[in-house]
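A.B. asks: Data file final-v4.cif (mmCIF, C-alpha atoms; chains and numbers go by the auth columns) is appended below.
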data_coords
loop_
_atom_site.group_PDB
_atom_site.id
_atom_site.type_symbol
_atom_site.label_atom_id
_atom_site.label_comp_id
_atom_site.label_asym_id
_atom_site.label_seq_id
_atom_site.Cartn_x
_atom_site.Cartn_y
_atom_site.Cartn_z
_atom_site.B_iso_or_equiv
_atom_site.auth_seq_id
_atom_site.auth_asym_id
ATOM 1 C CA GLU A 1 0.000 0.000 0.000 0.00 1 A
ATOM 2 C CA THR A 2 1.474 3.325 -1.079 0.00 2 A
ATOM 3 C CA GLY A 3 -1.189 5.606 0.416 0.00 3 A
ATOM 4 C CA VAL A 4 -1.945 7.019 -3.026 0.00 4 A
ATOM 5 C CA THR A 5 -5.493 6.505 -4.232 0.00 5 A
ATOM 6 C CA GLN A 6 -7.083 7.119 -7.614 0.00 6 A
ATOM 7 C CA SER A 7 -10.678 7.212 -8.759 0.00 7 A
ATOM 8 C CA PRO A 8 -12.424 5.839 -10.601 0.00 8 A
ATOM 9 C CA THR A 9 -10.770 2.452 -11.120 0.00 9 A
ATOM 10 C CA HIS A 10 -12.229 1.947 -14.561 0.00 10 A
ATOM 11 C CA LEU A 11 -14.034 4.267 -16.935 0.00 11 A
ATOM 12 C CA ILE A 12 -15.622 3.926 -20.353 0.00 12 A
ATOM 13 C CA LYS A 13 -16.253 7.009 -22.479 0.00 13 A
ATOM 14 C CA THR A 14 -17.015 7.754 -26.108 0.00 14 A
ATOM 15 C CA ARG A 15 -15.074 9.911 -28.524 0.00 15 A
ATOM 16 C CA GLY A 16 -15.537 13.637 -28.009 0.00 16 A
ATOM 17 C CA GLN A 17 -16.524 13.345 -24.368 0.00 17 A
ATOM 18 C CA GLN A 18 -14.648 14.836 -21.450 0.00 18 A
ATOM 19 C CA VAL A 19 -13.266 12.982 -18.434 0.00 19 A
ATOM 20 C CA THR A 20 -11.937 13.907 -14.988 0.00 20 A
ATOM 21 C CA LEU A 21 -9.635 11.564 -13.080 0.00 21 A
ATOM 22 C CA ARG A 22 -8.716 12.058 -9.433 0.00 22 A
ATOM 23 C CA CYS A 23 -5.704 11.341 -7.268 0.00 23 A
ATOM 24 C CA SER A 24 -5.270 11.694 -3.524 0.00 24 A
ATOM 25 C CA SER A 25 -1.695 11.900 -2.391 0.00 25 A
ATOM 26 C CA GLN A 26 0.057 10.296 0.510 0.00 26 A
ATOM 27 C CA SER A 27 0.143 12.522 3.549 0.00 27 A
ATOM 28 C CA GLY A 28 2.870 15.177 3.286 0.00 28 A
ATOM 29 C CA HIS A 29 3.497 14.676 -0.423 0.00 29 A
ATOM 30 C CA ASN A 30 3.270 18.078 -2.103 0.00 30 A
ATOM 31 C CA THR A 31 4.197 17.015 -5.638 0.00 31 A
ATOM 32 C CA VAL A 32 2.074 14.955 -7.997 0.00 32 A
ATOM 33 C CA SER A 33 2.863 13.701 -11.485 0.00 33 A
ATOM 34 C CA TRP A 34 0.463 12.204 -14.006 0.00 34 A
ATOM 35 C CA TYR A 35 1.422 9.546 -16.535 0.00 35 A
ATOM 36 C CA GLN A 36 -0.322 7.834 -19.434 0.00 36 A
ATOM 37 C CA GLN A 37 0.559 4.195 -20.000 0.00 37 A
ATOM 38 C CA ALA A 38 -0.627 2.515 -23.176 0.00 38 A
ATOM 39 C CA LEU A 39 -0.665 -1.265 -23.324 0.00 39 A
ATOM 40 C CA GLY A 40 2.844 -2.693 -23.622 0.00 40 A
ATOM 41 C CA GLN A 41 4.492 0.696 -23.153 0.00 41 A
ATOM 42 C CA GLY A 42 6.217 2.495 -20.318 0.00 42 A
ATOM 43 C CA PRO A 43 4.479 5.380 -18.557 0.00 43 A
ATOM 44 C CA GLN A 44 4.622 8.657 -20.507 0.00 44 A
ATOM 45 C CA PHE A 45 4.882 11.840 -18.442 0.00 45 A
ATOM 46 C CA ILE A 46 1.919 14.202 -18.872 0.00 46 A
ATOM 47 C CA PHE A 47 2.605 16.927 -16.286 0.00 47 A
ATOM 48 C CA GLN A 48 3.623 17.597 -12.726 0.00 48 A
ATOM 49 C CA TYR A 49 2.230 19.881 -10.038 0.00 49 A
ATOM 50 C CA TYR A 50 4.157 21.252 -7.093 0.00 50 A
ATOM 51 C CA ARG A 51 2.222 23.185 -4.461 0.00 51 A
ATOM 52 C CA GLU A 52 -0.683 23.860 -6.841 0.00 52 A
ATOM 53 C CA GLU A 53 1.502 25.137 -9.711 0.00 53 A
ATOM 54 C CA GLU A 54 2.332 23.245 -12.905 0.00 54 A
ATOM 55 C CA ASN A 55 6.007 22.347 -12.646 0.00 55 A
ATOM 56 C CA GLY A 56 6.696 20.575 -15.923 0.00 56 A
ATOM 57 C CA ARG A 57 4.821 19.216 -18.882 0.00 57 A
ATOM 58 C CA GLY A 58 5.407 16.400 -21.325 0.00 58 A
ATOM 59 C CA ASN A 59 4.500 16.194 -24.982 0.00 59 A
ATOM 60 C CA PHE A 60 0.718 16.192 -24.583 0.00 60 A
ATOM 61 C CA PRO A 61 -1.795 18.570 -26.231 0.00 61 A
ATOM 62 C CA PRO A 62 -3.587 21.311 -24.276 0.00 62 A
ATOM 63 C CA ARG A 63 -6.756 19.222 -24.050 0.00 63 A
ATOM 64 C CA PHE A 64 -4.908 17.447 -21.235 0.00 64 A
ATOM 65 C CA SER A 65 -5.105 19.762 -18.241 0.00 65 A
ATOM 66 C CA GLY A 66 -4.774 19.453 -14.512 0.00 66 A
ATOM 67 C CA LEU A 67 -5.285 20.941 -11.101 0.00 67 A
ATOM 68 C CA GLN A 68 -3.750 20.489 -7.702 0.00 68 A
ATOM 69 C CA PHE A 69 -5.692 21.506 -4.600 0.00 69 A
ATOM 70 C CA PRO A 70 -4.470 22.958 -1.284 0.00 70 A
ATOM 71 C CA ASN A 71 -4.625 19.484 0.281 0.00 71 A
ATOM 72 C CA TYR A 72 -2.343 18.328 -2.590 0.00 72 A
ATOM 73 C CA SER A 73 -4.954 16.076 -4.160 0.00 73 A
ATOM 74 C CA SER A 74 -5.103 16.429 -7.919 0.00 74 A
ATOM 75 C CA GLU A 75 -7.249 16.098 -11.023 0.00 75 A
ATOM 76 C CA LEU A 76 -6.452 15.238 -14.609 0.00 76 A
ATOM 77 C CA ASN A 77 -8.951 16.492 -17.170 0.00 77 A
ATOM 78 C CA VAL A 78 -9.047 15.338 -20.757 0.00 78 A
ATOM 79 C CA ASN A 79 -11.324 17.071 -23.263 0.00 79 A
ATOM 80 C CA ALA A 80 -12.465 15.912 -26.688 0.00 80 A
ATOM 81 C CA LEU A 81 -11.490 12.315 -26.037 0.00 81 A
ATOM 82 C CA GLU A 82 -9.890 10.338 -28.855 0.00 82 A
ATOM 83 C CA LEU A 83 -9.600 6.588 -29.289 0.00 83 A
ATOM 84 C CA ASP A 84 -5.832 6.793 -28.656 0.00 84 A
ATOM 85 C CA ASP A 85 -6.496 8.205 -25.203 0.00 85 A
ATOM 86 C CA SER A 86 -7.437 4.694 -24.082 0.00 86 A
ATOM 87 C CA ALA A 87 -4.771 3.820 -21.526 0.00 87 A
ATOM 88 C CA LEU A 88 -3.940 3.360 -17.873 0.00 88 A
ATOM 89 C CA TYR A 89 -3.563 6.754 -16.193 0.00 89 A
ATOM 90 C CA LEU A 90 -1.223 6.795 -13.231 0.00 90 A
ATOM 91 C CA CYS A 91 -0.543 9.451 -10.676 0.00 91 A
ATOM 92 C CA ALA A 92 2.576 9.459 -8.524 0.00 92 A
ATOM 93 C CA THR A 93 3.352 11.589 -5.489 0.00 93 A
ATOM 94 C CA PHE A 94 6.370 12.492 -3.406 0.00 94 A
ATOM 95 C CA GLN A 95 7.678 15.114 -1.028 0.00 95 A
ATOM 96 C CA GLY A 96 9.346 17.433 -3.498 0.00 96 A
ATOM 97 C CA PHE A 97 12.121 19.934 -3.173 0.00 97 A
ATOM 98 C CA VAL A 98 15.017 20.872 -5.432 0.00 98 A
ATOM 99 C CA GLY A 99 17.515 18.056 -5.526 0.00 99 A
ATOM 100 C CA SER A 100 15.249 15.586 -3.795 0.00 100 A
ATOM 101 C CA THR A 101 16.199 11.994 -4.314 0.00 101 A
ATOM 102 C CA ASP A 102 13.135 10.614 -2.623 0.00 102 A
ATOM 103 C CA THR A 103 11.185 8.063 -4.556 0.00 103 A
ATOM 104 C CA GLN A 104 7.730 8.700 -5.882 0.00 104 A
ATOM 105 C CA TYR A 105 4.809 6.461 -5.043 0.00 105 A
ATOM 106 C CA PHE A 106 2.327 5.434 -7.688 0.00 106 A
ATOM 107 C CA GLY A 107 -1.381 5.054 -7.277 0.00 107 A
ATOM 108 C CA PRO A 108 -3.203 1.987 -8.641 0.00 108 A
ATOM 109 C CA GLY A 109 -4.253 3.816 -11.798 0.00 109 A
ATOM 110 C CA THR A 110 -7.458 4.490 -13.715 0.00 110 A
ATOM 111 C CA ARG A 111 -8.117 2.347 -16.769 0.00 111 A
ATOM 112 C CA LEU A 112 -9.795 4.580 -19.376 0.00 112 A
ATOM 113 C CA THR A 113 -11.413 3.055 -22.443 0.00 113 A
ATOM 114 C CA VAL A 114 -12.592 5.346 -25.244 0.00 114 A
ATOM 115 C CA LEU A 115 -15.068 3.842 -27.702 0.00 115 A
ATOM 116 C CA GLY B 1 15.399 13.465 -27.910 0.00 1 B
ATOM 117 C CA GLN B 2 15.587 11.003 -25.063 0.00 2 B
ATOM 118 C CA ASN B 3 16.262 7.353 -25.819 0.00 3 B
ATOM 119 C CA ILE B 4 15.978 4.563 -23.288 0.00 4 B
ATOM 120 C CA ASP B 5 16.326 0.998 -24.554 0.00 5 B
ATOM 121 C CA GLN B 6 15.407 -2.263 -22.875 0.00 6 B
ATOM 122 C CA PRO B 7 14.720 -5.715 -24.292 0.00 7 B
ATOM 123 C CA THR B 8 11.015 -6.242 -24.874 0.00 8 B
ATOM 124 C CA GLU B 9 10.747 -9.675 -23.328 0.00 9 B
ATOM 125 C CA MET B 10 12.874 -12.186 -21.440 0.00 10 B
ATOM 126 C CA THR B 11 12.191 -15.648 -20.102 0.00 11 B
ATOM 127 C CA ALA B 12 13.951 -17.473 -17.284 0.00 12 B
ATOM 128 C CA THR B 13 13.581 -20.517 -15.076 0.00 13 B
ATOM 129 C CA GLU B 14 12.540 -20.499 -11.446 0.00 14 B
ATOM 130 C CA GLY B 15 15.609 -20.427 -9.201 0.00 15 B
ATOM 131 C CA ALA B 16 17.860 -18.991 -11.898 0.00 16 B
ATOM 132 C CA ILE B 17 19.509 -15.564 -12.244 0.00 17 B
ATOM 133 C CA VAL B 18 18.466 -13.036 -14.879 0.00 18 B
ATOM 134 C CA GLN B 19 20.004 -9.718 -15.920 0.00 19 B
ATOM 135 C CA ILE B 20 17.838 -7.044 -17.530 0.00 20 B
ATOM 136 C CA ASN B 21 19.825 -4.386 -19.362 0.00 21 B
ATOM 137 C CA CYS B 22 18.982 -0.757 -19.968 0.00 22 B
ATOM 138 C CA THR B 23 20.909 1.685 -22.133 0.00 23 B
ATOM 139 C CA TYR B 24 20.136 5.361 -22.315 0.00 24 B
ATOM 140 C CA GLN B 25 21.027 8.428 -24.354 0.00 25 B
ATOM 141 C CA THR B 26 19.534 11.465 -22.688 0.00 26 B
ATOM 142 C CA SER B 27 20.120 15.203 -22.432 0.00 27 B
ATOM 143 C CA GLY B 28 21.214 15.312 -18.835 0.00 28 B
ATOM 144 C CA PHE B 29 21.312 12.593 -16.221 0.00 29 B
ATOM 145 C CA ASN B 30 20.616 12.701 -12.532 0.00 30 B
ATOM 146 C CA GLY B 31 19.844 9.151 -11.601 0.00 31 B
ATOM 147 C CA LEU B 32 18.278 5.949 -12.857 0.00 32 B
ATOM 148 C CA PHE B 33 15.321 4.085 -11.398 0.00 33 B
ATOM 149 C CA TRP B 34 14.118 0.552 -11.715 0.00 34 B
ATOM 150 C CA TYR B 35 10.460 -0.235 -11.116 0.00 35 B
ATOM 151 C CA GLN B 36 8.531 -3.494 -11.109 0.00 36 B
ATOM 152 C CA GLN B 37 5.037 -3.564 -12.533 0.00 37 B
ATOM 153 C CA HIS B 38 2.708 -6.541 -12.380 0.00 38 B
ATOM 154 C CA ALA B 39 0.010 -6.721 -15.030 0.00 39 B
ATOM 155 C CA GLY B 40 -2.786 -4.265 -14.343 0.00 40 B
ATOM 156 C CA GLU B 41 -1.042 -2.769 -11.322 0.00 41 B
ATOM 157 C CA ALA B 42 0.958 0.356 -10.538 0.00 42 B
ATOM 158 C CA PRO B 43 4.759 0.400 -10.772 0.00 43 B
ATOM 159 C CA THR B 44 6.558 -0.209 -7.498 0.00 44 B
ATOM 160 C CA PHE B 45 9.986 1.195 -6.726 0.00 45 B
ATOM 161 C CA LEU B 46 12.941 -1.211 -6.732 0.00 46 B
ATOM 162 C CA SER B 47 16.111 0.888 -6.857 0.00 47 B
ATOM 163 C CA TYR B 48 17.666 4.260 -7.582 0.00 48 B
ATOM 164 C CA ASN B 49 21.278 4.638 -8.752 0.00 49 B
ATOM 165 C CA VAL B 50 23.062 7.953 -8.994 0.00 50 B
ATOM 166 C CA LEU B 51 26.711 6.902 -8.696 0.00 51 B
ATOM 167 C CA ASP B 52 28.539 4.238 -10.669 0.00 52 B
ATOM 168 C CA GLY B 53 28.602 0.790 -9.195 0.00 53 B
ATOM 169 C CA LEU B 54 26.452 -1.992 -7.861 0.00 54 B
ATOM 170 C CA GLU B 55 23.727 -1.589 -5.262 0.00 55 B
ATOM 171 C CA GLU B 56 22.422 -4.764 -3.690 0.00 56 B
ATOM 172 C CA LYS B 57 19.059 -5.123 -2.030 0.00 57 B
ATOM 173 C CA GLY B 58 18.139 -8.672 -1.144 0.00 58 B
ATOM 174 C CA ARG B 59 17.573 -10.753 -4.278 0.00 59 B
ATOM 175 C CA PHE B 60 17.696 -7.667 -6.475 0.00 60 B
ATOM 176 C CA SER B 61 20.797 -5.689 -7.446 0.00 61 B
ATOM 177 C CA SER B 62 21.164 -2.708 -9.760 0.00 62 B
ATOM 178 C CA PHE B 63 24.288 -1.535 -11.549 0.00 63 B
ATOM 179 C CA LEU B 64 25.068 1.784 -13.186 0.00 64 B
ATOM 180 C CA SER B 65 27.831 3.000 -15.502 0.00 65 B
ATOM 181 C CA ARG B 66 27.306 6.666 -16.280 0.00 66 B
ATOM 182 C CA SER B 67 30.168 6.845 -18.770 0.00 67 B
ATOM 183 C CA LYS B 68 28.602 4.023 -20.801 0.00 68 B
ATOM 184 C CA GLY B 69 24.994 5.107 -20.392 0.00 69 B
ATOM 185 C CA TYR B 70 24.221 1.630 -19.126 0.00 70 B
ATOM 186 C CA SER B 71 22.440 -0.029 -16.246 0.00 71 B
ATOM 187 C CA TYR B 72 21.253 -3.491 -15.402 0.00 72 B
ATOM 188 C CA LEU B 73 18.910 -5.065 -12.903 0.00 73 B
ATOM 189 C CA LEU B 74 19.994 -8.452 -11.591 0.00 74 B
ATOM 190 C CA LEU B 75 17.413 -10.791 -10.122 0.00 75 B
ATOM 191 C CA LYS B 76 18.655 -13.834 -8.233 0.00 76 B
ATOM 192 C CA GLU B 77 16.836 -16.972 -7.071 0.00 77 B
ATOM 193 C CA LEU B 78 13.944 -16.221 -9.365 0.00 78 B
ATOM 194 C CA GLN B 79 10.454 -16.910 -8.125 0.00 79 B
ATOM 195 C CA MET B 80 7.235 -17.232 -10.104 0.00 80 B
ATOM 196 C CA LYS B 81 5.997 -13.998 -8.547 0.00 81 B
ATOM 197 C CA ASP B 82 8.890 -12.164 -10.231 0.00 82 B
ATOM 198 C CA SER B 83 7.022 -12.489 -13.525 0.00 83 B
ATOM 199 C CA ALA B 84 6.305 -8.834 -14.274 0.00 84 B
ATOM 200 C CA SER B 85 7.369 -5.888 -16.375 0.00 85 B
ATOM 201 C CA TYR B 86 10.582 -4.141 -15.281 0.00 86 B
ATOM 202 C CA LEU B 87 10.808 -0.468 -16.107 0.00 87 B
ATOM 203 C CA CYS B 88 14.018 1.507 -16.411 0.00 88 B
ATOM 204 C CA ALA B 89 13.585 5.268 -15.934 0.00 89 B
ATOM 205 C CA VAL B 90 16.099 8.112 -16.132 0.00 90 B
ATOM 206 C CA ARG B 91 15.830 11.305 -14.124 0.00 91 B
ATOM 207 C CA LEU B 92 17.013 14.020 -16.473 0.00 92 B
ATOM 208 C CA SER B 93 17.888 16.985 -14.286 0.00 93 B
ATOM 209 C CA GLY B 94 18.413 17.790 -10.646 0.00 94 B
ATOM 210 C CA GLY B 95 15.834 20.542 -10.414 0.00 95 B
ATOM 211 C CA SER B 96 12.863 18.406 -11.268 0.00 96 B
ATOM 212 C CA TYR B 97 11.705 14.948 -10.468 0.00 97 B
ATOM 213 C CA ILE B 98 10.377 13.726 -13.780 0.00 98 B
ATOM 214 C CA PRO B 99 11.631 10.256 -14.665 0.00 99 B
ATOM 215 C CA THR B 100 11.570 9.350 -18.328 0.00 100 B
ATOM 216 C CA PHE B 101 10.581 5.725 -18.717 0.00 101 B
ATOM 217 C CA GLY B 102 11.661 3.065 -21.142 0.00 102 B
ATOM 218 C CA ARG B 103 9.099 0.676 -22.628 0.00 103 B
ATOM 219 C CA GLY B 104 9.755 -1.948 -19.999 0.00 104 B
ATOM 220 C CA THR B 105 10.954 -5.542 -20.159 0.00 105 B
ATOM 221 C CA SER B 106 8.384 -8.268 -19.689 0.00 106 B
ATOM 222 C CA LEU B 107 9.984 -11.068 -17.647 0.00 107 B
ATOM 223 C CA ILE B 108 8.354 -14.488 -17.727 0.00 108 B
ATOM 224 C CA VAL B 109 9.497 -16.968 -15.092 0.00 109 B
ATOM 225 C CA HIS B 110 8.570 -20.575 -15.776 0.00 110 B
ATOM 226 C CA PRO B 111 8.910 -23.658 -13.570 0.00 111 B
#
Write out the structure in this file as structure tokens.
C.D. replies:
Amino acid sequence: ETGVTQSPTHLIKTRGQQVTLRCSSQSGHNTVSWYQQALGQGPQFIFQYYREEENGRGNFPPRFSGLQFPNYSSELNVNALELDDSALYLCATFQGFVGSTDTQYFGPGTRLTVL
Amino acid sequence: GQNIDQPTEMTATEGAIVQINCTYQTSGFNGLFWYQQHAGEAPTFLSYNVLDGLEEKGRFSSFLSRSKGYSYLLLKELQMKDSASYLCAVRLSGGSYIPTFGRGTSLIVHP
């Protein structure tokens, strides 16, 4: 158990719809990263939030957006869903500061299927 | 661009030793992670190497050579439960904590 939770566990949407995924971080972890993992691939970095500010972004279009709340929980929003968005979405949290070597802890993921 | 290479799949026998290699060519380097991921589950942390050399942790060891852009994960006394995907990830710069992952190596352990 990592103390990181994600909801929902599974989700089915159709093309063009919008989706919101949620992540609650382990106590004291002020940094959250979101990843997309397609079948048979490694996780691809979407973006990271540190103390409610975006702190880095991967190669994903603007229809992927996020929020981090004062309690450090986080949301990933995806608009105008496409079939290729079908994947496992993972969040990972850690106690961040410059130069930190602490490990990040992954949540169980949300399996999104777009039909 | 960033390039992290791992074999796609490996098979091994229960009780044996297996070495999973990872080579990387990245703009900047500040550490290399190994994660284990069972099918349908989240990755779990195995090791983090920053300096050259071998780090041993029970049945698992991880090696890093920064000059060669090379790492390996060594699994000893293989058990059936070690069947999983093993992900190599490089941390690119010291100011951020954004590992870049390889595609992962699917390890199948058979009796």
A.B. asks: Using all atoms listed in the file for the distances, tell me which of A:Leu21, A:Ile46, A:Leu76, A:Cys91 is nearest to Gly3 in chain A.
C.D. replies: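 Closest to Gly3 in chain A of all the choices is A:Cys91.
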A.B. asks: A:Tyr35, A:Phe106, A:Tyr89, A:Phe94: which is nearest Pro8 in chain A, counting only C-alpha atoms?
C.D. replies: A:Tyr89
A.B. asks: Specify as a ChimeraX atom specification each residue included when the PyMOL selection byres ((chain A) within 12 of (chain B)) is applied to this file.
C.D. replies: /A:1-2,4-6,9-10,31-50,54-59,87-111
A.B. asks: Taking all atoms of range 75-79 of chain B that the file lists, what box with edges along x, y and z, padded by 6 Å per side, do you get, with centre and edge lengths in Å to one decimal, as AutoDock Vina command-line options?
C.D. replies:
--center_x 14.6 --center_y -13.9 --center_z -8.6 --size_x 20.2 --size_y 18.2 --size_z 15.1
A.B. asks: Got a sec to resolve the PyMOL selection byres ((chain A and resi 14) around 7) on this structure and send the residues as a list in words?
C.D. replies: Lys13, Arg15, Gly16, Gln17, Val114 and Leu115 of chain A
A.B. asks: Which of these residues is nearest to Gln6 in chain B, using all atoms listed in the file: B:Thr23, B:Tyr70, B:Asp82, B:Leu64?
C.D. replies: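 So, comparing all the options, the nearest one is B:Thr23.
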A.B. asks: Using CA of Arg66 in chain B and CA of Ala16 in chain B as the two end points, give the distance in Å to one decimal.
C.D. replies: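 According to the coordinates, CA of Arg66 in chain B and CA of Ala16 in chain B are separated by 27.7 Å.
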A.B. asks: Which distance in Å separates CA of Leu67 in chain A and CA of Glu53 in chain A, to one decimal?
C.D. replies: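 Calculated distance between CA of Leu67 in chain A and CA of Glu53 in chain A is 8.1 Å.
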A.B. asks: Do you have the CA of Ser62 in chain B-CA of Asn21 in chain B distance handy?
C.D. replies: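 Taking CA of Ser62 in chain B as the start and CA of Asn21 in chain B as the end point, the length is 9.8 Å.
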A.B. asks: Selection in question (the file shown): the PyMOL selection byres ((chain B and resi 67) around 12). Which residues does it include, as an mmCIF file with C-alpha atoms, in the frame of the given file?
C.D. replies:
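Saved result, out.cif, follows:
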data_model
loop_
_atom_site.group_PDB
_atom_site.id
_atom_site.type_symbol
_atom_site.label_atom_id
_atom_site.label_comp_id
_atom_site.auth_asym_id
_atom_site.auth_seq_id
_atom_site.Cartn_x
_atom_site.Cartn_y
_atom_site.Cartn_z
ATOM 1 C CA THR B 23 20.909 1.685 -22.133
ATOM 2 C CA TYR B 24 20.136 5.361 -22.315
ATOM 3 C CA GLN B 25 21.027 8.428 -24.354
ATOM 4 C CA PHE B 29 21.312 12.593 -16.221
ATOM 5 C CA LEU B 51 26.711 6.902 -8.696
ATOM 6 C CA ASP B 52 28.539 4.238 -10.669
ATOM 7 C CA GLY B 53 28.602 0.790 -9.195
ATOM 8 C CA LEU B 64 25.068 1.784 -13.186
ATOM 9 C CA SER B 65 27.831 3.000 -15.502
ATOM 10 C CA ARG B 66 27.306 6.666 -16.280
ATOM 11 C CA LYS B 68 28.602 4.023 -20.801
ATOM 12 C CA GLY B 69 24.994 5.107 -20.392
ATOM 13 C CA TYR B 70 24.221 1.630 -19.126
ATOM 14 C CA SER B 71 22.440 -0.029 -16.246
#
A.B. asks: Looking at B:Ile108, B:Gln79, B:Ile20, B:Gln36, which one is nearest to Phe63 in chain B, with distances taken over all atoms listed in the file?
C.D. replies: B:Ile20
A.B. asks: Using all atoms listed in the file and a cutoff of 6 Å, can you tell me which residues are near (-7.5, 19.7, -22.5) in the file's coordinates, and write them out as a compact mmCIF listing (two decimals) with C-alpha atoms, in the coordinates of the input?
C.D. replies:
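After the write, selection-v5.txt holds the following:
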# COMPACT_ATOMS: atom_id res chain seq x y z
CA PRO A 62 -3.59 21.31 -24.28
CA ARG A 63 -6.76 19.22 -24.05
CA PHE A 64 -4.91 17.45 -21.24
CA SER A 65 -5.11 19.76 -18.24
CA VAL A 78 -9.05 15.34 -20.76
CA ASN A 79 -11.32 17.07 -23.26
A.B. asks: Starting from the point (4.1, -13.2, -13.7), work out which residues of protein, DNA or RNA have an atom no more than 8 Å away when counting all atoms listed in the file; state them as a ChimeraX atom specification.
C.D. replies: /B:38-39,80-84,107-109
A.B. asks: Considering only C-alpha atoms, can you say which of A:Glu82, A:Pro70, A:Leu112, A:Glu75 comes closest to Arg22 in chain A?
C.D. replies: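 Smallest distance to Arg22 in chain A is found for A:Glu75.
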